Each structure stands twice: as structure tokens, then as C-alpha cells.
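Asker: This is the structure I want to talk about, given as C-alpha cells.
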Amino acid sequence: MQKMCVNEKSYEIIRLLGHGKGGYSYLVTNGTKEYVLKQIHHEPCDYYQFGNKIESEINDYERLKKIGIRMPELLEVDIKNERILKEYIEGDTIYDYVLRNEMKQHFVDQMKEMCVYLYAANTNIDYFPTNFVVQEDKLYYIDYECNDYMEEWTFENWGIKYWSQTKEFLAYVKEHTYKFAD
């Protein structure tokens, strides 16, 4: 099994959870408990400009924590290796629900409630459905990315387009689903 360290503490990699604009997220264990380990990457991103990614993770977490957004706790930061360790929220993503055509209105309602606090704090988050996990019927924002409020990037103007089987969602699925030849 492959291992990764955060501040010289070793974690066994269980599986890759996802690959985003800023890093790779892995489900890891210390042998007792499961966590998410995010390894920052420096791959180019055509549509998003980053500063210092590890500092952004810390600052964004603190900003969202003050706003009161339900999200996994940030447990450790390894500045040298550009890794963060956070609480693992087990459950299906909103993306999974939409893909299975099992989306529930109360998940959208929870998102809209979250937006009340975000907008009052002049903040937007990344509303893409892979960034939200449902655990015990509660919605968690599992990314820490946030930005100053801009009307075009609100949930109502951008994010909602991916929270049901819209043409935008289906185009994304088609573009990101790989077909393997026999």
C-alpha cells in the first residue's frame, strides 16, 4: 500500500477521491480512523488563477468557518509538502444524486439556506455538485474554496445548472466519462 505523510505522520492511501483545480484528494487511514488528505498540485488551470494554494486553503477554511458553513474540520496543514488533512465526511455527493436522477429538493433548499449566510458575508463558494456530500440527510461543503461575491458565480446563476440533469450537467458527464474499448 502507498503511504503519504502529513507533518511526518504516516497515512495509508485507501483510494483517490477526486482531482480538482487545486489538488488531489485521497481517502487515507492511520490504521484507526479515515481522513481526507489533499495534496496540492501545480497543474495549469485555464479558467482559474491561484496565488499560494496552501495559504488559500487555510484562509478559505477560516473564512468559511466564521460564516458558519457546514464542512469537514481542517485537522493539520503540512506547509513544506503542501498537504492538508481534514475530517472525512462519508456519503454520496450531490453529483452522485444527480447522476442517478435521485436529487431531492431539500438538498437544494439546504444550499439556498447556506447561500443566505455566504452572500451576507460577500462570499461565493464552488457550487459544483462534486463539492457537496450528504451525510445523514445534511449537506456538507467538502471543499474550502471561496471567493468574493460576484453575481455571475452565485448558486442561482451558475451552480444550480449542475444540480439536476440539465444540458450543462449532461455535457459535463459526457466530457468526463471515459469509454474503454474491449
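Within each chain, counting starts at residue 1; across the C-alpha cells, chains are named A, B, ... in the order shown, with ligands numbered 1 upward in that order.
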Set the distance at 12 Å and use only C-alpha atoms: which residues neighbour A:Glu73 once local chain neighbours fewer than 4 positions away are removed? I'd like the list as a list of chain:residue names.
Answerer: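 The residues satisfying every condition are A:Tyr35, A:Val36, A:Ile58, A:Tyr61, A:Glu62, A:Leu64, A:Lys65, A:Gly68, A:Ile69, A:Val77, A:Ile84, A:Leu85, A:Lys86, A:Glu87, A:Tyr88, A:Ile89, A:Tyr140, A:Tyr141, A:Ile142, A:Asp143, A:Tyr144.
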Asker: Could you take the residues named above and write them with C-alpha atoms, as a short mmCIF file (atom, residue, chain, number, x, y, z; two decimals), in the first residue's frame?
Answerer:
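So result-v2.cif came out as:
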```cif
data_model
loop_
_atom_site.label_atom_id
_atom_site.label_comp_id
_atom_site.auth_asym_id
_atom_site.auth_seq_id
_atom_site.Cartn_x
_atom_site.Cartn_y
_atom_site.Cartn_z
CA TYR A 35 -9.36 11.08 6.78
CA VAL A 36 -9.07 13.08 3.60
CA ILE A 58 -6.04 27.83 5.32
CA TYR A 61 -11.24 27.43 5.72
CA GLU A 62 -11.08 30.16 8.37
CA LEU A 64 -15.99 29.71 5.85
CA LYS A 65 -15.74 28.65 9.49
CA GLY A 68 -20.78 29.02 9.75
CA ILE A 69 -20.70 26.75 6.69
CA VAL A 77 -1.50 21.53 7.48
CA ILE A 84 -3.76 19.19 4.32
CA LEU A 85 -5.52 16.61 6.43
CA LYS A 86 -9.21 17.00 7.08
CA GLU A 87 -12.13 15.16 8.54
CA TYR A 88 -13.70 12.59 6.21
CA ILE A 89 -17.42 13.12 5.60
CA TYR A 140 -21.65 19.42 3.71
CA TYR A 141 -19.38 21.60 1.58
CA ILE A 142 -16.26 19.42 1.39
CA ASP A 143 -14.03 21.90 -0.43
CA TYR A 144 -12.72 25.06 1.21
#
```
Asker: Have a look at A:Phe107, A:Thr154, A:Gly159, A:Thr123 and name the one nearest to A:Leu139; count only C-alpha atoms.
Answerer: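 Smallest separation from A:Leu139 among the options: A:Phe107.
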Asker: Pick out the closest residue to A:Leu99 from this set: A:Gln39, A:Ser56, A:Asn122, A:Thr130. Count only C-alpha atoms.
Answerer: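 Ranking A:Gln39, A:Ser56, A:Asn122, A:Thr130 by distance to A:Leu99, first place goes to A:Thr130.
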Asker: In terms of the shortest atom-to-atom distance over only C-alpha atoms, which of A:Glu90, A:Asp137, A:Glu113, A:Glu76 is closest to A:Leu17?
Answerer: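 Between A:Glu90, A:Asp137, A:Glu113, A:Glu76, the residue approaching A:Leu17 most closely is A:Glu90.
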Asker: Apply DSSP to the structure's backbone, then extract all residues of stretch 52-168 of chain A labelled helix (DSSP H, G or I) and return them as JSON, numbers by chain.
Answerer: {"A": [53, 54, 55, 56, 57, 58, 59, 60, 61, 62, 63, 64, 65, 66, 67, 94, 95, 96, 97, 98, 99, 105, 106, 107, 108, 109, 110, 111, 112, 113, 114, 115, 116, 117, 118, 119, 120, 129, 130, 131, 151, 152, 153, 159, 160, 161, 162, 167, 168]}
Asker: Hey, can you spit out that residue selection with C-alpha atoms as a PDB file, in the first residue's frame?
Answerer:
```pdb
ATOM      1  CA  LYS A  53      -2.638  27.404  -2.813  1.00  0.00           C
ATOM      2  CA  ILE A  54      -1.783  26.114   0.662  1.00  0.00           C
ATOM      3  CA  GLU A  55      -2.277  29.580   2.190  1.00  0.00           C
ATOM      4  CA  SER A  56      -5.563  29.855   0.299  1.00  0.00           C
ATOM      5  CA  GLU A  57      -6.751  26.555   1.797  1.00  0.00           C
ATOM      6  CA  ILE A  58      -6.043  27.826   5.318  1.00  0.00           C
ATOM      7  CA  ASN A  59      -7.524  31.293   4.751  1.00  0.00           C
ATOM      8  CA  ASP A  60     -10.611  29.968   2.958  1.00  0.00           C
ATOM      9  CA  TYR A  61     -11.240  27.431   5.717  1.00  0.00           C
ATOM     10  CA  GLU A  62     -11.076  30.158   8.366  1.00  0.00           C
ATOM     11  CA  ARG A  63     -13.357  32.433   6.336  1.00  0.00           C
ATOM     12  CA  LEU A  64     -15.993  29.707   5.853  1.00  0.00           C
ATOM     13  CA  LYS A  65     -15.738  28.651   9.492  1.00  0.00           C
ATOM     14  CA  LYS A  66     -16.539  32.220  10.603  1.00  0.00           C
ATOM     15  CA  ILE A  67     -19.529  32.292   8.236  1.00  0.00           C
ATOM     16  CA  ILE A  94     -24.720  15.788  -4.957  1.00  0.00           C
ATOM     17  CA  TYR A  95     -23.126  14.806  -8.285  1.00  0.00           C
ATOM     18  CA  ASP A  96     -23.927  11.147  -7.484  1.00  0.00           C
ATOM     19  CA  TYR A  97     -27.534  12.020  -6.647  1.00  0.00           C
ATOM     20  CA  VAL A  98     -27.966  13.988  -9.882  1.00  0.00           C
ATOM     21  CA  LEU A  99     -26.292  11.269 -11.963  1.00  0.00           C
ATOM     22  CA  GLN A 105     -35.474  19.304  -3.225  1.00  0.00           C
ATOM     23  CA  HIS A 106     -34.413  19.607   0.412  1.00  0.00           C
ATOM     24  CA  PHE A 107     -30.732  19.404  -0.673  1.00  0.00           C
ATOM     25  CA  VAL A 108     -31.315  22.439  -2.898  1.00  0.00           C
ATOM     26  CA  ASP A 109     -33.160  24.112  -0.007  1.00  0.00           C
ATOM     27  CA  GLN A 110     -30.158  23.482   2.285  1.00  0.00           C
ATOM     28  CA  MET A 111     -27.878  25.002  -0.355  1.00  0.00           C
ATOM     29  CA  LYS A 112     -30.093  28.085  -0.585  1.00  0.00           C
ATOM     30  CA  GLU A 113     -30.004  28.411   3.238  1.00  0.00           C
ATOM     31  CA  MET A 114     -26.204  28.252   3.072  1.00  0.00           C
ATOM     32  CA  CYS A 115     -26.252  30.978   0.420  1.00  0.00           C
ATOM     33  CA  VAL A 116     -28.063  33.367   2.769  1.00  0.00           C
ATOM     34  CA  TYR A 117     -25.002  33.303   5.062  1.00  0.00           C
ATOM     35  CA  LEU A 118     -22.488  33.283   2.223  1.00  0.00           C
ATOM     36  CA  TYR A 119     -23.986  36.248   0.384  1.00  0.00           C
ATOM     37  CA  ALA A 120     -24.341  38.252   3.617  1.00  0.00           C
ATOM     38  CA  PRO A 129     -22.024  19.205  -7.167  1.00  0.00           C
ATOM     39  CA  THR A 130     -18.863  17.132  -6.582  1.00  0.00           C
ATOM     40  CA  ASN A 131     -18.028  19.577  -3.758  1.00  0.00           C
ATOM     41  CA  GLU A 151     -23.321  37.856  -9.221  1.00  0.00           C
ATOM     42  CA  GLU A 152     -22.400  35.659 -12.196  1.00  0.00           C
ATOM     43  CA  TRP A 153     -20.948  32.935  -9.916  1.00  0.00           C
ATOM     44  CA  GLY A 159     -24.265  26.364  -9.612  1.00  0.00           C
ATOM     45  CA  ILE A 160     -27.907  25.360  -9.988  1.00  0.00           C
ATOM     46  CA  LYS A 161     -27.190  24.478 -13.631  1.00  0.00           C
ATOM     47  CA  TYR A 162     -25.350  21.393 -12.353  1.00  0.00           C
ATOM     48  CA  LYS A 167     -27.873  20.198 -20.624  1.00  0.00           C
ATOM     49  CA  GLU A 168     -24.845  21.668 -18.778  1.00  0.00           C
TER      50      GLU A 168
END
```
Asker: Could you jot down the atom CA of A:Glu145 to atom CA of A:Asn52 separation for me, Å, one decimal place?
Answerer: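 Interatomic distance, atom CA of A:Glu145 to atom CA of A:Asn52: 12.6 Å.
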Asker: Atom CA of A:Phe128 and atom CA of A:Gln165, how far apart in Å?
Answerer: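 Atom CA of A:Phe128 lies at a distance of 13.1 Å from atom CA of A:Gln165.
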Asker: Within 12 Å of A:Thr29, counting only C-alpha atoms, which residues qualify if same-chain residues fewer than 2 places away don't, as a list in words?
Answerer: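 My list of contacting residues is Met1, Gln2, Lys3, Met4, Cys5, Val6, Lys9, Ser10, Tyr11, Glu12, Ile13, Ile14, Arg15, Tyr26, Leu27, Gly31, Thr32, Lys33, Glu34, Tyr35, Val36, Leu37, Leu85, Lys86, Glu87 and Tyr88 of chain A.
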Asker: Which of these residues is nearest to A:Ser25, using only C-alpha atoms: A:Arg83, A:Arg100, A:Met71, A:Leu170?
Answerer: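 Comparing A:Arg83, A:Arg100, A:Met71, A:Leu170 against A:Ser25, the winner is A:Arg83.
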Asker: How many Å separate atom CA of A:Phe169 from atom CA of A:Asn124?
Answerer: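 We find that atom CA of A:Phe169 and atom CA of A:Asn124 lie 20.0 Å from each other.
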